[in-house]
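Reproduced below: target-v1.txt, with compact mmCIF, C-alpha atoms.
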# COMPACT_ATOMS: atom_id res chain seq x y z
CA MET A 182 66.43 106.79 118.52
CA PRO A 183 67.27 106.23 122.18
CA PHE A 184 64.85 104.73 124.61
CA GLN A 185 64.46 105.69 128.25
CA SER A 186 65.23 103.35 131.11
CA GLU A 187 64.49 104.11 134.76
CA ASN A 188 67.87 105.81 135.25
CA SER A 189 69.07 107.04 131.87
CA PHE A 190 68.68 107.06 128.12
CA ILE A 191 70.33 103.99 126.60
CA PRO A 192 71.14 104.27 122.89
CA ILE A 193 69.80 101.52 120.69
CA PRO A 194 72.62 100.18 118.51
CA PRO A 195 72.07 100.24 114.74
CA PRO A 196 70.88 97.01 113.16
CA GLY A 197 73.44 94.46 112.07
CA GLU A 198 73.61 91.70 109.49
CA ASP A 199 71.31 89.47 111.51
CA GLU A 200 68.56 92.10 111.55
CA LEU A 201 68.94 93.64 108.07
CA PRO A 202 67.45 92.07 104.93
CA TYR A 203 70.13 90.32 102.92
CA ASP A 204 68.07 89.33 99.88
CA ASP A 205 67.30 92.32 97.67
CA GLY A 206 64.62 90.37 95.82
CA GLU A 207 66.28 91.04 92.46
CA PRO A 208 67.13 87.85 90.53
CA MET A 209 70.07 87.73 88.13
CA GLU A 210 69.11 88.75 84.62
CA SER A 211 69.85 85.43 82.91
CA GLU A 212 71.46 82.04 83.31
CA ARG A 213 74.65 83.47 81.82
CA HIS A 214 74.70 86.39 84.27
CA LEU A 215 74.34 83.96 87.18
CA ALA A 216 77.07 81.70 85.82
CA GLN A 217 79.42 84.64 85.20
CA MET A 218 78.99 85.81 88.77
CA GLY A 219 79.72 82.31 90.08
CA LEU A 220 82.76 81.93 87.85
CA LEU A 221 84.42 85.14 89.04
CA ILE A 222 83.75 84.38 92.69
CA GLU A 223 84.71 80.70 92.57
CA ALA A 224 88.02 81.21 90.77
CA LEU A 225 89.11 84.03 93.09
CA GLN A 226 88.09 82.20 96.26
CA LEU A 227 90.00 79.13 95.10
CA PHE A 228 93.07 81.19 94.19
CA TRP A 229 93.09 82.73 97.67
CA ARG A 230 91.94 79.66 99.55
CA ASP A 231 94.92 79.89 101.93
CA ARG A 232 94.31 83.55 102.80
CA ASP A 233 92.13 84.63 105.72
CA ASP A 234 92.36 88.37 105.10
CA VAL A 235 90.28 88.59 101.91
CA TYR A 236 86.52 88.43 101.42
CA VAL A 237 84.95 87.68 98.03
CA ALA A 238 81.19 87.62 97.51
CA GLY A 239 78.42 88.63 95.16
CA ASN A 240 74.78 89.63 94.92
CA MET A 241 74.97 90.59 98.60
CA ALA A 242 73.57 93.78 100.10
CA ILE A 243 76.05 96.40 101.29
CA TYR A 244 74.80 98.69 104.06
CA PHE A 245 76.68 101.96 104.50
CA SER A 246 74.21 104.20 106.38
CA GLU A 247 71.33 103.73 108.80
CA LEU A 248 68.99 105.72 106.55
CA GLN A 249 69.83 103.59 103.54
CA ALA A 250 69.42 100.47 105.69
CA LYS A 251 65.97 101.58 106.84
CA LYS A 252 64.86 102.31 103.28
CA ASN A 253 66.57 99.17 101.93
CA ASP A 254 66.86 100.95 98.61
CA PHE A 255 70.23 99.69 97.38
CA ARG A 256 70.89 96.50 95.47
CA GLY A 257 74.07 94.61 96.20
CA PRO A 258 77.01 94.41 93.78
CA ASP A 259 77.18 91.39 91.50
CA VAL A 260 80.77 90.71 92.61
CA PHE A 261 82.91 92.50 95.19
CA VAL A 262 86.25 92.00 96.92
CA VAL A 263 87.37 93.39 100.28
CA LEU A 264 91.02 93.29 101.33
CA ASP A 265 92.49 93.57 104.82
CA THR A 266 89.47 92.00 106.48
CA ASN A 267 88.63 88.58 107.90
CA ARG A 268 87.12 85.77 105.90
CA ARG A 269 83.94 84.45 107.49
CA GLU A 270 80.37 83.74 106.52
CA ARG A 271 78.23 86.87 106.24
CA LYS A 272 74.59 87.53 105.45
CA SER A 273 75.35 91.05 104.20
CA TRP A 274 78.19 93.55 104.34
CA VAL A 275 77.42 96.10 107.05
CA VAL A 276 80.07 98.84 106.96
CA TRP A 277 79.63 99.92 110.60
CA GLN A 278 80.19 96.32 111.70
CA GLU A 279 83.32 96.02 109.55
CA ASP A 280 85.39 98.84 111.09
CA GLY A 281 84.38 101.08 108.20
CA ARG A 282 85.84 98.76 105.55
CA THR A 283 84.27 99.03 102.11
CA PRO A 284 84.96 97.03 98.93
CA ASP A 285 88.23 97.49 97.08
CA VAL A 286 86.85 96.12 93.82
CA VAL A 287 83.30 95.94 92.49
CA ILE A 288 82.12 94.25 89.28
CA GLU A 289 78.64 94.79 87.88
CA LEU A 290 77.25 92.61 85.09
CA LEU A 291 75.40 94.77 82.61
CA SER A 292 72.00 94.14 81.08
CA GLU A 293 69.49 96.31 79.28
CA SER A 294 67.45 96.73 82.47
CA THR A 295 70.38 97.55 84.79
CA GLN A 296 72.98 99.43 82.74
CA ALA A 297 71.48 102.86 83.44
CA VAL A 298 71.63 102.24 87.20
CA ASP A 299 75.07 100.63 87.00
CA ARG A 300 76.45 103.68 85.15
CA GLY A 301 74.42 106.14 87.21
CA ASP A 302 73.30 105.75 90.82
CA LYS A 303 75.54 102.80 91.61
CA MET A 304 78.62 104.40 90.11
CA ARG A 305 77.93 107.54 92.12
CA ILE A 306 77.44 105.59 95.38
CA TYR A 307 80.58 103.49 94.86
CA ALA A 308 82.65 106.59 94.14
CA LYS A 309 81.32 109.26 96.48
CA LEU A 310 80.01 107.26 99.45
CA LEU A 311 81.91 103.96 99.51
CA HIS A 312 85.12 105.18 97.80
CA VAL A 313 85.62 101.88 95.94
CA PRO A 314 89.05 102.16 94.22
CA GLU A 315 88.19 100.01 91.18
CA TYR A 316 84.87 99.59 89.38
CA TYR A 317 84.28 97.24 86.46
CA LEU A 318 81.32 96.80 84.12
CA PHE A 319 80.96 93.70 81.94
CA ASP A 320 78.25 92.66 79.51
CA PRO A 321 78.17 88.83 79.44
CA PHE A 322 76.49 88.78 76.02
CA SER A 323 78.47 91.42 74.11
CA GLY A 324 81.75 90.71 75.92
CA GLU A 325 82.34 94.43 76.46
CA LEU A 326 84.48 95.26 79.50
CA GLU A 327 84.77 98.73 81.03
CA ALA A 328 87.24 99.57 83.81
CA TYR A 329 87.30 102.61 86.07
CA ALA A 330 89.71 103.84 88.76
CA LEU A 331 88.69 106.22 91.53
CA ASP A 332 90.11 109.73 91.47
CA ARG A 333 90.16 110.40 95.20
CA ALA A 334 90.52 114.16 94.74
CA THR A 335 87.22 114.46 92.88
CA ARG A 336 85.64 111.22 94.16
CA SER A 337 84.72 110.29 90.62
CA TYR A 338 85.75 107.48 88.28
CA LEU A 339 88.22 107.80 85.43
CA PRO A 340 88.36 105.17 82.65
CA MET A 341 91.26 102.74 82.83
CA PRO A 342 92.51 102.09 79.28
CA PRO A 343 92.93 98.40 78.40
CA GLU A 344 96.24 96.94 77.32
CA ALA A 345 96.87 95.95 73.71
CA ASN A 346 95.38 92.51 74.31
CA GLY A 347 92.20 93.97 75.78
CA GLU A 348 93.01 93.04 79.38
CA VAL A 349 92.87 95.50 82.24
CA VAL A 350 95.13 95.52 85.28
CA SER A 351 93.69 95.52 88.79
CA ALA A 352 96.31 97.33 90.84
CA CYS A 353 94.37 96.54 94.03
CA LEU A 354 94.42 92.78 93.52
CA GLY A 355 97.63 92.30 91.53
CA LEU A 356 95.65 90.49 88.85
CA ARG A 357 94.19 91.16 85.42
CA LEU A 358 90.72 90.86 83.98
CA GLY A 359 90.23 89.63 80.43
CA VAL A 360 87.77 87.82 78.22
CA ARG A 361 88.41 84.17 77.37
CA HIS A 362 86.33 81.58 75.54
CA GLY A 363 85.54 78.47 77.55
CA THR A 364 82.88 76.21 79.00
CA TYR A 365 81.41 76.78 82.44
CA ARG A 366 78.21 75.22 83.78
CA GLY A 367 77.54 73.81 80.34
CA LEU A 368 77.78 77.18 78.54
CA ALA A 369 80.51 77.48 75.89
CA VAL A 370 80.82 81.27 75.53
CA ASP A 371 83.19 84.16 76.18
CA TRP A 372 83.70 84.71 79.91
CA LEU A 373 85.29 87.44 82.00
CA ARG A 374 88.21 85.77 83.75
CA TRP A 375 90.80 86.58 86.38
CA ILE A 376 94.35 86.30 84.99
CA ASP A 377 97.57 86.12 86.99
CA THR A 378 100.78 88.06 86.34
CA HIS A 379 102.08 85.20 84.16
CA GLY A 380 99.08 85.35 81.86
CA ARG A 381 97.43 82.23 83.24
CA VAL A 382 93.69 82.15 83.79
CA LEU A 383 92.74 81.43 87.39
CA PRO A 384 91.00 78.04 87.16
CA THR A 385 87.74 76.93 88.69
CA GLY A 386 87.52 73.76 90.75
CA GLY A 387 86.24 71.85 87.73
CA GLU A 388 89.08 73.10 85.55
CA GLN A 389 91.63 72.08 88.17
CA ALA A 390 90.09 68.60 88.36
CA ARG A 391 90.13 68.22 84.57
CA ALA A 392 93.75 69.37 84.41
CA ALA A 393 94.71 66.79 87.06
CA GLU A 394 92.89 64.07 85.12
CA GLU A 395 94.69 65.05 81.91
CA GLN A 396 98.06 64.97 83.68
CA ALA A 397 97.31 61.54 85.13
CA ARG A 398 96.18 60.30 81.73
CA ALA A 399 99.31 61.68 80.06
CA ALA A 400 101.50 60.06 82.72
CA GLY A 401 99.73 56.73 82.18
CA ASP A 402 100.16 56.96 78.41
CA GLU A 403 103.85 57.75 78.82
CA ALA A 404 104.30 54.75 81.14
CA LYS A 405 102.64 52.50 78.54
CA ARG A 406 104.94 53.83 75.79
CA LEU A 407 108.02 53.19 77.91
CA ALA A 408 106.82 49.67 78.74
CA ALA A 409 106.22 48.94 75.05
CA ARG A 410 109.69 50.21 74.11
CA LEU A 411 111.26 48.09 76.86
CA ALA A 412 109.40 45.01 75.72
CA ALA A 413 110.52 45.55 72.11
CA TYR A 414 114.13 46.02 73.22
CA GLU A 415 114.15 42.87 75.37
CA LYS A 416 112.56 40.87 72.56
CA GLN A 417 115.42 41.84 70.27
CA PHE A 418 118.35 41.97 72.64
CA GLY A 419 117.27 40.03 75.68
CA PRO A 420 116.50 41.18 79.21
CA LEU A 421 118.31 44.19 80.55
CA PRO A 422 120.97 43.39 83.17
CA GLY A 423 119.41 43.43 86.61
CA GLY A 424 115.95 43.57 85.12
CA GLY A 425 114.76 40.56 87.06
CA SER A 426 113.99 38.40 84.02
CA GLY A 427 115.06 34.80 83.66
Go through the file and emit its structure as structure tokens.
Amino acid sequence: MPFQSENSFIPIPPPGEDELPYDDGEPMESERHLAQMGLLIEALQLFWRDRDDVYVAGNMAIYFSELQAKKNDFRGPDVFVVLDTNRRERKSWVVWQEDGRTPDVVIELLSESTQAVDRGDKMRIYAKLLHVPEYYLFDPFSGELEAYALDRATRSYLPMPPEANGEVVSACLGLRLGVRHGTYRGLAVDWLRWIDTHGRVLPTGGEQARAAEEQARAAGDEAKRLAARLAAYEKQFGPLPGGGSG
């Protein structure tokens, strides 16, 4: 609604991320749901740490209309990715502040209390209003993964069949999604993981650190083996020429 000044009507701009609520008040369903969200976001942010044109976030409100913003009646996606944007800190994703950009990929983590909404109202909003090209549903306890691609002609989602190994291809991101067993935040269960084109799981920071430690340990063990072999040789045959002994 405009307000009147002494000389003219000056339009009041719509609220932005600093004015809109960014906490929907809905906690994650379980410890595993929270960990799964963190795992997907952390691994992708680390993989694209050198890119400034991608935004990855989760459990953040997305505002796409002033009416919806006023009612604050829409929960944020558990995980979403936006391409061709700028990476910066945000309180919420406000479409009219982002040059109309909407997510390219959305992942919702299913539970008994949310699956009806995730397959109903949210799926409809992502398809018909936000036009999200790829939509994924994953149950952290059953390990069931569903993948959908947007049919732009009908603005509805069509199932994306998995490959023989159960993985699905994200054409938008050039990656795959698949279920792998592992340990994250102390939970040794099956996780939904990002997988690169070579079949390698995108690691978390902790996994990268452990891999580096294992490489260093293996290098140290190999150095010890070589030193032991050299010592045995010199004991039998004497110091190697130019070895500095004697």
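When only C-alpha atoms are used to measure the gap to Leu368 (chain A), the shortest distance among A:Glu289, A:Tyr317, A:Phe322, A:Gln417 belongs to A:Phe322.
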Compile a residue-level contact table for region 209-325 of chain A against region 348-361 of chain A at a cut-off of 9 Å, reporting for every qualifying residue the shortest atom pair and its distance in Å to one decimal, with all atoms listed in the file counted, rows ordered by chain and ascending number, as JSON lines.
{"residue": "A:Val262", "atom": "CA", "partner": "A:Leu354", "partner_atom": "CA", "distance": 8.9}
{"residue": "A:Leu264", "atom": "CA", "partner": "A:Leu354", "partner_atom": "CA", "distance": 8.5}
{"residue": "A:Asp285", "atom": "CA", "partner": "A:Cys353", "partner_atom": "CA", "distance": 6.9}
{"residue": "A:Val286", "atom": "CA", "partner": "A:Cys353", "partner_atom": "CA", "distance": 7.5}
{"residue": "A:Pro314", "atom": "CA", "partner": "A:Cys353", "partner_atom": "CA", "distance": 7.7}
{"residue": "A:Glu315", "atom": "CA", "partner": "A:Ser351", "partner_atom": "CA", "distance": 7.5}
{"residue": "A:Gly324", "atom": "CA", "partner": "A:Val360", "partner_atom": "CA", "distance": 7.1}
{"residue": "A:Glu325", "atom": "CA", "partner": "A:Val360", "partner_atom": "CA", "distance": 8.7}
Original post:
Between CA of Lys272 (chain A) and CA of Tyr236 (chain A), what is the distance, to one decimal in Å?
Top reply: 12.6 Å
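If all atoms listed in the file are the atoms counted, then among A:Gln217, A:Ser211, A:Asn267, A:Ser294 the closest residue to Gly363 (chain A) is A:Gln217.
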Original post:
Nearest to Met218 (chain A): which of A:Asp259, A:Asp233, A:Asp377, A:Glu415 is it, counting all atoms listed in the file?
Top reply: A:Asp259
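The gap separating CA of Thr364 (chain A) from CA of Val287 (chain A) is 23.9 Å, in Å to one decimal.
Picture a line from CA of Lys252 (chain A) to CA of Ser337 (chain A); it runs 24.9 Å.
Shell of Ile243 (chain A) at 6 Å, with all atoms listed in the file counted and residues fewer than 6 places along the chain excluded, is Gly257, Trp274 and Val275 of chain A.
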File dump, residues just selected, C-alpha atoms, as an mmCIF file, in the frame of the given file:
data_model
loop_
_atom_site.group_PDB
_atom_site.id
_atom_site.type_symbol
_atom_site.label_atom_id
_atom_site.label_comp_id
_atom_site.auth_asym_id
_atom_site.auth_seq_id
_atom_site.Cartn_x
_atom_site.Cartn_y
_atom_site.Cartn_z
ATOM 1 C CA GLY A 257 74.070 94.610 96.200
ATOM 2 C CA TRP A 274 78.190 93.550 104.340
ATOM 3 C CA VAL A 275 77.420 96.100 107.050
#
